[in-house]
file data-v7.txt (compact mmCIF, C-alpha atoms)
# COMPACT_ATOMS: atom_id res chain seq x y z
CA MET A 22 1.05 2.95 13.70
CA ALA A 23 2.31 6.39 14.65
CA VAL A 24 0.72 9.04 12.54
CA VAL A 25 2.63 12.22 11.79
CA PRO A 26 0.93 15.57 12.48
CA ALA A 27 -0.39 17.18 9.27
CA SER A 28 1.46 20.41 10.02
CA ASN A 29 4.73 18.47 10.18
CA VAL A 30 4.13 16.83 6.80
CA LEU A 31 3.17 20.14 5.19
CA ASP A 32 6.13 21.96 6.75
CA GLN A 33 8.50 19.43 5.22
CA LEU A 34 6.78 19.65 1.81
CA ARG A 35 7.17 23.44 2.00
CA TRP A 36 10.81 23.08 3.07
CA ARG A 37 11.71 21.02 0.02
CA TYR A 38 12.41 22.61 -3.36
CA ALA A 39 14.13 21.55 -6.54
CA VAL A 40 17.76 22.03 -5.51
CA LYS A 41 19.85 23.73 -8.17
CA LYS A 42 23.15 23.57 -6.31
CA PHE A 43 24.13 20.76 -3.98
CA ASP A 44 26.95 20.85 -1.44
CA SER A 45 29.12 18.17 -3.01
CA SER A 46 31.00 17.60 0.25
CA LYS A 47 27.91 16.40 2.09
CA LYS A 48 26.90 12.76 1.73
CA ILE A 49 23.65 11.16 2.83
CA PRO A 50 24.44 8.80 5.76
CA ALA A 51 24.19 5.11 4.79
CA GLU A 52 21.32 4.45 7.19
CA THR A 53 19.27 7.35 5.84
CA TRP A 54 19.90 6.30 2.27
CA ALA A 55 18.88 2.72 3.06
CA ALA A 56 15.57 4.08 4.38
CA LEU A 57 15.02 6.06 1.18
CA GLU A 58 15.70 2.95 -0.90
CA HIS A 59 13.09 1.13 1.17
CA ALA A 60 10.60 3.93 0.65
CA ILE A 61 11.07 3.50 -3.11
CA VAL A 62 10.62 -0.27 -2.80
CA LEU A 63 7.39 0.28 -0.84
CA SER A 64 5.91 2.54 -3.54
CA PRO A 65 2.50 1.47 -4.81
CA SER A 66 2.19 0.31 -8.42
CA SER A 67 -0.53 -1.01 -10.68
CA TYR A 68 -1.59 -4.43 -9.43
CA GLY A 69 1.53 -4.24 -7.29
CA LEU A 70 3.41 -5.48 -10.36
CA GLN A 71 6.49 -3.30 -9.73
CA LEU A 72 7.38 -3.12 -13.42
CA TRP A 73 10.37 -1.02 -12.58
CA LYS A 74 13.87 -0.80 -11.32
CA PHE A 75 15.91 2.00 -9.83
CA VAL A 76 19.52 2.60 -10.72
CA VAL A 77 21.34 4.30 -7.85
CA ILE A 78 24.60 5.82 -9.02
CA THR A 79 27.39 7.06 -6.78
CA ASP A 80 30.36 6.36 -9.10
CA PRO A 81 31.82 9.77 -10.05
CA ALA A 82 33.07 8.69 -13.50
CA LEU A 83 29.70 7.29 -14.50
CA ARG A 84 28.01 10.44 -13.26
CA GLU A 85 30.30 12.61 -15.37
CA LYS A 86 29.20 10.61 -18.41
CA LEU A 87 25.56 11.12 -17.49
CA LYS A 88 26.01 14.84 -16.87
CA ALA A 89 27.20 15.21 -20.46
CA VAL A 90 23.79 13.97 -21.63
CA SER A 91 21.84 15.90 -18.97
CA TRP A 92 22.31 19.41 -20.36
CA GLY A 93 25.42 19.64 -18.18
CA GLN A 94 23.35 20.12 -15.04
CA THR A 95 25.67 20.08 -12.04
CA GLN A 96 23.25 18.30 -9.73
CA ILE A 97 24.05 15.10 -11.62
CA THR A 98 27.63 15.09 -10.30
CA ASP A 99 27.33 17.21 -7.15
CA ALA A 100 24.48 15.50 -5.36
CA SER A 101 25.22 12.75 -2.88
CA HIS A 102 23.08 10.22 -4.75
CA LEU A 103 21.56 9.93 -8.20
CA VAL A 104 18.56 7.70 -8.90
CA VAL A 105 17.34 6.78 -12.38
CA PHE A 106 13.72 5.62 -12.22
CA CYS A 107 13.16 3.02 -14.94
CA GLY A 108 10.12 1.20 -16.29
CA ARG A 109 9.89 -2.08 -18.19
CA THR A 110 9.78 -1.55 -21.95
CA GLY A 111 7.30 -4.36 -22.45
CA VAL A 112 5.05 -6.38 -20.20
CA THR A 113 5.25 -10.13 -20.71
CA GLU A 114 3.73 -13.17 -19.07
CA ALA A 115 7.11 -13.64 -17.36
CA ASP A 116 6.62 -10.28 -15.61
CA LEU A 117 3.28 -11.44 -14.25
CA ASP A 118 4.79 -14.78 -13.22
CA ARG A 119 7.58 -13.00 -11.37
CA HIS A 120 5.03 -11.05 -9.34
CA ILE A 121 2.81 -14.09 -8.77
CA GLY A 122 5.84 -16.09 -7.66
CA ARG A 123 6.83 -13.42 -5.17
CA MET A 124 3.25 -13.14 -3.90
CA ALA A 125 3.07 -16.91 -3.39
CA GLN A 126 6.39 -16.80 -1.52
CA VAL A 127 5.54 -13.83 0.72
CA ARG A 128 2.02 -14.97 1.53
CA GLY A 129 2.76 -18.67 1.79
CA VAL A 130 0.25 -19.77 -0.83
CA SER A 131 0.66 -21.76 -4.04
CA ALA A 132 1.11 -19.99 -7.37
CA ASP A 133 -1.70 -22.20 -8.69
CA SER A 134 -4.12 -20.62 -6.22
CA LEU A 135 -3.38 -17.26 -7.89
CA ALA A 136 -4.25 -18.45 -11.41
CA ASP A 137 -7.46 -16.40 -11.60
CA TYR A 138 -5.63 -13.30 -10.46
CA LYS A 139 -3.02 -13.84 -13.14
CA LYS A 140 -5.69 -14.37 -15.79
CA MET A 141 -7.38 -11.12 -14.79
CA MET A 142 -4.08 -9.25 -15.09
CA MET A 143 -3.34 -10.89 -18.43
CA GLY A 144 -6.63 -9.57 -19.74
CA THR A 145 -6.09 -5.97 -18.76
CA THR A 146 -2.38 -5.15 -18.79
CA ARG A 147 -2.19 -5.38 -22.56
CA ALA A 148 -5.00 -2.93 -23.16
CA GLY A 149 -4.68 0.82 -23.41
CA PHE A 150 -1.54 2.78 -24.08
CA PRO A 151 1.88 1.27 -24.75
CA ALA A 152 3.54 -0.67 -21.95
CA VAL A 153 6.55 1.61 -21.79
CA GLU A 154 4.33 4.61 -21.16
CA TRP A 155 2.33 2.74 -18.56
CA THR A 156 5.43 1.64 -16.70
CA ALA A 157 6.92 5.15 -16.94
CA ARG A 158 3.83 6.46 -15.16
CA GLN A 159 4.42 3.92 -12.41
CA ALA A 160 7.97 5.19 -12.07
CA TYR A 161 6.55 8.66 -11.47
CA ILE A 162 4.53 7.35 -8.51
CA ALA A 163 7.80 6.09 -7.02
CA LEU A 164 9.31 9.51 -7.73
CA GLY A 165 6.51 11.15 -5.75
CA VAL A 166 6.98 8.73 -2.86
CA PHE A 167 10.73 9.28 -2.94
CA LEU A 168 10.55 13.08 -2.99
CA THR A 169 8.01 13.15 -0.17
CA SER A 170 10.00 10.68 1.94
CA ALA A 171 13.24 12.59 1.36
CA ALA A 172 11.58 15.84 2.45
CA LEU A 173 10.29 14.17 5.62
CA LEU A 174 13.77 12.90 6.43
CA GLY A 175 15.30 16.32 5.81
CA VAL A 176 17.12 15.20 2.69
CA ASP A 177 17.20 17.61 -0.25
CA ALA A 178 16.41 16.46 -3.74
CA CYS A 179 15.85 17.59 -7.29
CA PRO A 180 13.61 15.72 -9.73
CA MET A 181 14.92 16.02 -13.30
CA GLU A 182 13.40 15.36 -16.69
CA GLY A 183 16.08 17.29 -18.56
CA PHE A 184 18.22 14.42 -19.77
CA GLU A 185 18.56 12.39 -22.95
CA ASN A 186 16.65 9.23 -22.12
CA GLU A 187 17.97 7.09 -24.95
CA LYS A 188 21.56 7.96 -24.11
CA TYR A 189 20.99 7.10 -20.47
CA ASP A 190 19.59 3.76 -21.60
CA VAL A 191 22.72 3.06 -23.63
CA ILE A 192 25.20 4.22 -20.98
CA LEU A 193 23.46 2.19 -18.27
CA GLY A 194 22.81 -0.83 -20.52
CA LEU A 195 19.11 -0.68 -19.72
CA LYS A 196 17.64 -1.70 -23.08
CA GLU A 197 19.14 -5.17 -23.07
CA GLN A 198 17.63 -5.65 -19.61
CA GLY A 199 14.20 -4.59 -20.86
CA TYR A 200 14.07 -1.26 -19.05
CA ALA A 201 13.95 2.38 -20.11
CA SER A 202 14.84 5.43 -18.05
CA ALA A 203 11.76 7.49 -17.20
CA VAL A 204 12.86 10.20 -14.81
CA VAL A 205 15.79 11.08 -12.57
CA ALA A 206 16.16 12.37 -9.03
CA THR A 207 19.28 13.70 -7.38
CA ALA A 208 19.47 13.78 -3.58
CA GLY A 209 21.82 15.21 -0.99
CA TYR A 210 22.09 18.55 0.76
CA ARG A 211 21.60 22.06 -0.60
CA ALA A 212 24.61 24.35 -0.91
CA THR A 213 24.42 27.31 1.45
CA ASP A 214 24.63 29.63 -1.55
CA ASP A 215 21.87 28.05 -3.63
CA LYS A 216 19.78 31.18 -4.09
CA TYR A 217 16.72 29.13 -5.03
CA ALA A 218 16.53 27.82 -1.46
CA GLU A 219 15.17 31.13 -0.24
CA ALA A 220 12.84 31.87 -3.18
CA ALA A 221 9.16 31.78 -2.27
CA LYS A 222 7.47 28.57 -3.41
CA VAL A 223 5.25 29.17 -6.43
CA ARG A 224 1.98 27.26 -6.31
CA PHE A 225 -1.45 28.19 -7.57
CA ASP A 226 -4.03 28.85 -4.92
CA VAL A 227 -5.61 25.65 -3.64
CA ASN A 228 -8.98 26.78 -4.99
CA ASP A 229 -7.50 27.18 -8.46
CA VAL A 230 -6.30 23.58 -8.73
CA ILE A 231 -8.78 21.72 -6.55
CA ASP A 232 -12.18 21.47 -8.20
CA ARG A 233 -14.69 20.28 -5.60
CA ARG A 234 -17.91 18.60 -6.71
CA MET B 5 12.14 22.10 10.00
CA ALA B 6 11.23 19.04 12.04
CA VAL B 7 12.39 15.90 10.36
CA VAL B 8 10.44 12.70 10.84
CA PRO B 9 12.34 9.56 11.93
CA ALA B 10 12.95 7.20 9.01
CA SER B 11 11.41 4.30 10.91
CA ASN B 12 8.20 6.30 11.31
CA VAL B 13 7.99 7.04 7.57
CA LEU B 14 8.66 3.42 6.65
CA ASP B 15 6.18 2.12 9.23
CA GLN B 16 3.45 4.25 7.70
CA LEU B 17 4.38 3.17 4.16
CA ARG B 18 4.14 -0.44 5.35
CA TRP B 19 0.82 0.26 7.08
CA ARG B 20 -0.79 1.54 3.89
CA TYR B 21 -2.21 -0.81 1.26
CA ALA B 22 -4.62 -0.50 -1.63
CA VAL B 23 -7.90 -0.61 0.27
CA LYS B 24 -10.48 -2.86 -1.37
CA LYS B 25 -13.28 -2.16 1.08
CA PHE B 26 -13.80 1.16 2.81
CA ASP B 27 -15.98 1.76 5.87
CA SER B 28 -18.52 4.04 4.20
CA SER B 29 -19.65 5.43 7.56
CA LYS B 30 -16.26 6.98 8.32
CA LYS B 31 -15.46 10.38 6.86
CA ILE B 32 -12.10 12.12 6.79
CA PRO B 33 -12.27 15.15 9.15
CA ALA B 34 -12.34 18.47 7.27
CA GLU B 35 -9.04 19.62 8.74
CA THR B 36 -7.26 16.42 7.73
CA TRP B 37 -8.70 16.59 4.24
CA ALA B 38 -7.63 20.22 3.87
CA ALA B 39 -4.07 19.13 4.73
CA LEU B 40 -4.18 16.42 2.07
CA GLU B 41 -5.39 18.95 -0.51
CA HIS B 42 -2.44 21.13 0.43
CA ALA B 43 -0.06 18.22 0.06
CA ILE B 44 -1.35 17.74 -3.48
CA VAL B 45 -0.96 21.45 -4.21
CA LEU B 46 2.64 21.32 -2.94
CA SER B 47 3.55 18.42 -5.26
CA PRO B 48 6.56 19.05 -7.49
CA SER B 49 6.01 19.29 -11.24
CA SER B 50 8.12 19.94 -14.32
CA TYR B 51 9.34 23.55 -14.20
CA GLY B 52 6.77 23.95 -11.43
CA LEU B 53 4.22 24.46 -14.22
CA GLN B 54 1.42 22.60 -12.40
CA LEU B 55 -0.25 21.54 -15.65
CA TRP B 56 -2.91 19.78 -13.68
CA LYS B 57 -6.05 19.97 -11.67
CA PHE B 58 -7.62 17.68 -9.12
CA VAL B 59 -11.32 16.99 -9.02
CA VAL B 60 -12.41 16.09 -5.49
CA ILE B 61 -15.81 14.43 -5.49
CA THR B 62 -17.99 13.84 -2.47
CA ASP B 63 -21.44 14.04 -4.16
CA PRO B 64 -22.96 10.54 -3.90
CA ALA B 65 -24.98 10.78 -7.14
CA LEU B 66 -21.96 11.80 -9.19
CA ARG B 67 -19.94 9.01 -7.61
CA GLU B 68 -22.59 6.44 -8.56
CA LYS B 69 -22.25 7.60 -12.17
CA LEU B 70 -18.48 7.24 -12.00
CA LYS B 71 -18.68 3.80 -10.38
CA ALA B 72 -20.62 2.61 -13.42
CA VAL B 73 -17.60 3.43 -15.58
CA SER B 74 -15.05 2.14 -13.05
CA TRP B 75 -15.72 -1.57 -13.38
CA GLY B 76 -18.26 -1.19 -10.58
CA GLN B 77 -15.53 -0.95 -7.96
CA THR B 78 -17.13 -0.11 -4.63
CA GLN B 79 -14.30 2.12 -3.41
CA ILE B 80 -15.61 4.79 -5.81
CA THR B 81 -18.78 5.21 -3.77
CA ASP B 82 -17.74 3.91 -0.34
CA ALA B 83 -14.59 5.93 0.30
CA SER B 84 -14.85 9.22 2.14
CA HIS B 85 -13.26 11.17 -0.73
CA LEU B 86 -12.55 10.56 -4.40
CA VAL B 87 -9.84 12.47 -6.26
CA VAL B 88 -9.45 12.47 -10.04
CA PHE B 89 -5.92 13.52 -10.97
CA CYS B 90 -6.05 15.38 -14.31
CA GLY B 91 -3.45 16.72 -16.71
CA ARG B 92 -3.72 19.42 -19.35
CA THR B 93 -4.46 18.00 -22.79
CA GLY B 94 -2.23 20.54 -24.48
CA VAL B 95 0.41 22.99 -23.37
CA THR B 96 0.00 26.49 -24.73
CA GLU B 97 1.73 29.81 -24.25
CA ALA B 98 -1.18 30.75 -22.00
CA ASP B 99 -0.22 27.92 -19.64
CA LEU B 100 3.30 29.28 -19.37
CA ASP B 101 1.97 32.80 -18.88
CA ARG B 102 -0.28 31.60 -16.08
CA HIS B 103 2.71 30.13 -14.27
CA ILE B 104 4.91 33.16 -14.98
CA GLY B 105 2.15 35.45 -13.72
CA ARG B 106 1.82 33.50 -10.50
CA MET B 107 5.58 33.45 -10.03
CA ALA B 108 5.76 37.23 -10.50
CA GLN B 109 2.96 37.65 -7.97
CA VAL B 110 4.37 35.30 -5.32
CA ARG B 111 7.95 36.51 -5.62
CA GLY B 112 7.17 40.18 -6.11
CA VAL B 113 8.99 40.53 -9.41
CA SER B 114 7.82 41.69 -12.83
CA ALA B 115 6.69 39.17 -15.44
CA ASP B 116 9.08 40.90 -17.85
CA SER B 117 12.04 39.91 -15.69
CA LEU B 118 11.04 36.28 -16.27
CA ALA B 119 11.07 36.55 -20.07
CA ASP B 120 14.21 34.44 -20.49
CA TYR B 121 12.79 31.76 -18.24
CA LYS B 122 9.62 31.70 -20.31
CA LYS B 123 11.61 31.49 -23.53
CA MET B 124 13.57 28.55 -22.18
CA MET B 125 10.36 26.73 -21.25
CA MET B 126 8.84 27.53 -24.65
CA GLY B 127 11.79 25.85 -26.31
CA THR B 128 11.58 22.61 -24.38
CA THR B 129 8.00 21.92 -23.38
CA ARG B 130 6.96 21.21 -26.95
CA ALA B 131 9.64 18.62 -27.56
CA GLY B 132 9.38 14.93 -26.83
CA PHE B 133 6.24 12.97 -26.24
CA PRO B 134 2.70 14.35 -26.48
CA ALA B 135 1.65 16.97 -23.96
CA VAL B 136 -1.17 14.88 -22.57
CA GLU B 137 1.24 12.07 -21.74
CA TRP B 138 3.69 14.47 -20.19
CA THR B 139 1.05 16.07 -18.01
CA ALA B 140 -0.35 12.65 -17.06
CA ARG B 141 3.09 11.72 -15.75
CA GLN B 142 3.07 14.88 -13.64
CA ALA B 143 -0.29 13.83 -12.22
CA TYR B 144 1.32 10.57 -11.11
CA ILE B 145 3.91 12.51 -9.09
CA ALA B 146 1.03 14.18 -7.28
CA LEU B 147 -0.51 10.74 -6.77
CA GLY B 148 2.70 9.55 -5.11
CA VAL B 149 2.83 12.62 -2.88
CA PHE B 150 -0.85 12.17 -1.99
CA LEU B 151 -0.56 8.47 -1.14
CA THR B 152 2.55 9.02 0.97
CA SER B 153 1.00 11.98 2.79
CA ALA B 154 -2.23 10.09 3.44
CA ALA B 155 -0.27 7.16 4.89
CA LEU B 156 1.64 9.51 7.19
CA LEU B 157 -1.60 11.04 8.41
CA GLY B 158 -3.15 7.61 9.00
CA VAL B 159 -5.65 7.99 6.18
CA ASP B 160 -6.32 4.94 4.03
CA ALA B 161 -6.35 5.17 0.26
CA CYS B 162 -6.57 3.19 -2.93
CA PRO B 163 -4.98 4.34 -6.19
CA MET B 164 -7.04 3.23 -9.18
CA GLU B 165 -6.33 2.99 -12.89
CA GLY B 166 -9.30 0.75 -13.59
CA PHE B 167 -11.74 3.29 -14.95
CA GLU B 168 -12.85 4.49 -18.37
CA ASN B 169 -10.88 7.71 -18.80
CA GLU B 170 -12.87 9.11 -21.70
CA LYS B 171 -16.16 8.57 -19.89
CA TYR B 172 -14.80 10.28 -16.79
CA ASP B 173 -13.78 13.21 -18.99
CA VAL B 174 -17.31 13.48 -20.39
CA ILE B 175 -19.10 13.06 -17.05
CA LEU B 176 -16.86 15.64 -15.37
CA GLY B 177 -16.81 18.01 -18.37
CA LEU B 178 -13.02 17.96 -18.40
CA LYS B 179 -12.37 18.08 -22.14
CA GLU B 180 -13.92 21.50 -22.65
CA GLN B 181 -11.69 22.77 -19.84
CA GLY B 182 -8.59 21.34 -21.52
CA TYR B 183 -7.97 18.55 -19.04
CA ALA B 184 -7.99 14.74 -19.17
CA SER B 185 -8.31 12.32 -16.28
CA ALA B 186 -5.06 10.44 -15.67
CA VAL B 187 -5.53 8.44 -12.50
CA VAL B 188 -7.87 8.21 -9.52
CA ALA B 189 -7.40 7.84 -5.78
CA THR B 190 -10.04 7.04 -3.21
CA ALA B 191 -9.38 7.89 0.43
CA GLY B 192 -11.05 7.20 3.76
CA TYR B 193 -10.82 4.40 6.30
CA ARG B 194 -10.54 0.65 5.74
CA ALA B 195 -13.50 -1.55 6.70
CA THR B 196 -12.71 -3.85 9.60
CA ASP B 197 -13.53 -6.84 7.39
CA ASP B 198 -11.33 -5.89 4.42
CA LYS B 199 -9.32 -9.10 4.29
CA TYR B 200 -6.60 -7.41 2.23
CA ALA B 201 -5.65 -5.28 5.23
CA GLU B 202 -3.96 -8.25 6.87
CA ALA B 203 -2.33 -9.72 3.78
CA ALA B 204 1.47 -9.52 3.81
CA LYS B 205 2.77 -6.75 1.57
CA VAL B 206 4.28 -8.12 -1.62
CA ARG B 207 7.45 -6.33 -2.71
CA PHE B 208 10.52 -7.63 -4.43
CA ASP B 209 13.65 -7.68 -2.34
CA VAL B 210 15.40 -4.32 -2.26
CA ASN B 211 18.42 -5.84 -4.02
CA ASP B 212 16.21 -7.04 -6.86
CA VAL B 213 14.87 -3.58 -7.72
CA ILE B 214 17.72 -1.31 -6.66
CA ASP B 215 20.67 -1.56 -9.05
CA ARG B 216 23.65 0.16 -7.43
CA ARG B 217 26.47 1.43 -9.63

call {"tool": "encode", "arguments": {"input": "data-v7.txt", "output": "structure tokens"}}
result
Amino acid sequence: MAVVPASNVLDQLRWRYAVKKFDSSKKIPAETWAALEHAIVLSPSSYGLQLWKFVVITDPALREKLKAVSWGQTQITDASHLVVFCGRTGVTEADLDRHIGRMAQVRGVSADSLADYKKMMMGTTRAGFPAVEWTARQAYIALGVFLTSAALLGVDACPMEGFENEKYDVILGLKEQGYASAVVATAGYRATDDKYAEAAKVRFDVNDVIDRR
Amino acid sequence: MAVVPASNVLDQLRWRYAVKKFDSSKKIPAETWAALEHAIVLSPSSYGLQLWKFVVITDPALREKLKAVSWGQTQITDASHLVVFCGRTGVTEADLDRHIGRMAQVRGVSADSLADYKKMMMGTTRAGFPAVEWTARQAYIALGVFLTSAALLGVDACPMEGFENEKYDVILGLKEQGYASAVVATAGYRATDDKYAEAAKVRFDVNDVIDRR
């Protein structure tokens, strides 16, 4: 365990911003991108269920199609990488079994020994708000992990909600797989003439958003 | 800008886990906690609107009350710090004006010069799903940033959805302020006898969750 100095973490969070204009000639090195994929995979989720998948798109033609249903925003085609964060549209017993199976495999125990754990999850994952909203929220955790990790690695990014979700789902064939797009992030390197890079970061004062009791 | 090596980021993400048992005698140093509050404040949000607030609770009596509506989970009282991530229950013109006002202040421009920006936000923030769900999703971004930052700083944490939201809102008086609790995180230091600390992390293989196109 090698902790990172707090000032270093905060400096990188201050360095990042929502890139409006990427330098389309600059690509994220394969090794760096692999690390960012792993950061996404390591994201926490409810019960560790990982009711998500992440579509990473580098194909230019596919990205042109997506830009047309993303208000024409140029980050969609100009960034080095595009990630669509997706959540499961429904949560079934098979989803729980998939997780239990993986847990049994990774920890070297029998799935039977996890029966109580499964029962507990069965009893609670169907309560509350709709599954698709629950899994979308999980996808936003992964988005937060991704954006923070990218900033630490010196990779620029832009989180984006301005796209037509249903059209993404059709173009990417997500519905038939039981997933829905929740949010998008583009990643790469800022263009030298992106004027937003130099704009002062706008955040409320810490005492206006942190309510200490 | 001092980037952090990818292996360091991934090591810390692997080191973290959802702590089941905190060492209640260990408190997060004030300076470290202040950094984590700043990491939360620096979290990205839609349009940078920051339609959120974060209730940080250290008062033991208040935490006992919350534990009673959190399935009795001991992290609520045993962790060094408890954070309730809250989103606005509705988005009004006043919310946009608050953001515009802060932007004008920070960037030294007039609020009038941001009229088009405000108009654009007015046109889009009312579309789509309910405001409270939208702002809850934002809160989950901040959760992801918080959990990643804590891991980097060597601070343990546990994200928690297992609590009675409406009761939290009443106990904390959130509704009258226009906020609703979305998700909770406890933070501090793992107990030496938390058996989950040594359990192998369960994640699907990267190729099972990353769909490359």

call {"tool": "interface_residues", "arguments": {"input": "data-v7.txt", "of": "chain A", "to": "chain B", "cutoff": "6 Å", "atoms": "all atoms listed in the file", "output": "count of residues only"}}
result
25

call {"tool": "closest_residue", "arguments": {"input": "data-v7.txt", "among": "A:Lys139, A:His102, A:Lys196, A:Lys216", "to": "A:Lys42", "atoms": "all atoms listed in the file"}}
result
A:Lys216

call {"tool": "atom_distance", "arguments": {"input": "data-v7.txt", "atom1": "atom CA of A:Asp118", "atom2": "atom CA of A:Thr146"}}
result
13.2 Å

call {"tool": "axis_aligned_box", "arguments": {"input": "data-v7.txt", "around": "stretch 144-151 of chain B", "padding_each_side": "5 Å", "output": "AutoDock Vina command-line options"}}
result
--center_x 1.5 --center_y 11.3 --center_z -6.1 --size_x 14.8 --size_y 15.7 --size_z 20.0

call {"tool": "atom_distance", "arguments": {"input": "data-v7.txt", "atom1": "atom CA of A:Val191", "atom2": "atom CA of A:Ser101"}}
result
23.0 Å

call {"tool": "residues_around", "arguments": {"input": "data-v7.txt", "residues": "A:Thr113", "least_positions_apart": "3", "cutoff": "10 Å", "atoms": "all atoms listed in the file", "output": "ChimeraX atom specification"}}
result
/A:109-110,116-118,143,146-147,152

call {"tool": "write_last_selection", "arguments": {"input": "data-v7.txt", "atoms": "C-alpha atoms", "output": "mmCIF file, keeping the file's coordinate frame"}}
result
data_model
loop_
_atom_site.group_PDB
_atom_site.id
_atom_site.type_symbol
_atom_site.label_atom_id
_atom_site.label_comp_id
_atom_site.auth_asym_id
_atom_site.auth_seq_id
_atom_site.Cartn_x
_atom_site.Cartn_y
_atom_site.Cartn_z
ATOM 1 C CA ARG A 109 9.890 -2.080 -18.190
ATOM 2 C CA THR A 110 9.780 -1.550 -21.950
ATOM 3 C CA ASP A 116 6.620 -10.280 -15.610
ATOM 4 C CA LEU A 117 3.280 -11.440 -14.250
ATOM 5 C CA ASP A 118 4.790 -14.780 -13.220
ATOM 6 C CA MET A 143 -3.340 -10.890 -18.430
ATOM 7 C CA THR A 146 -2.380 -5.150 -18.790
ATOM 8 C CA ARG A 147 -2.190 -5.380 -22.560
ATOM 9 C CA ALA A 152 3.540 -0.670 -21.950
#

call {"tool": "atom_distance", "arguments": {"input": "data-v7.txt", "atom1": "atom CA of A:Lys188", "atom2": "atom CA of A:Trp92"}}
result
12.1 Å
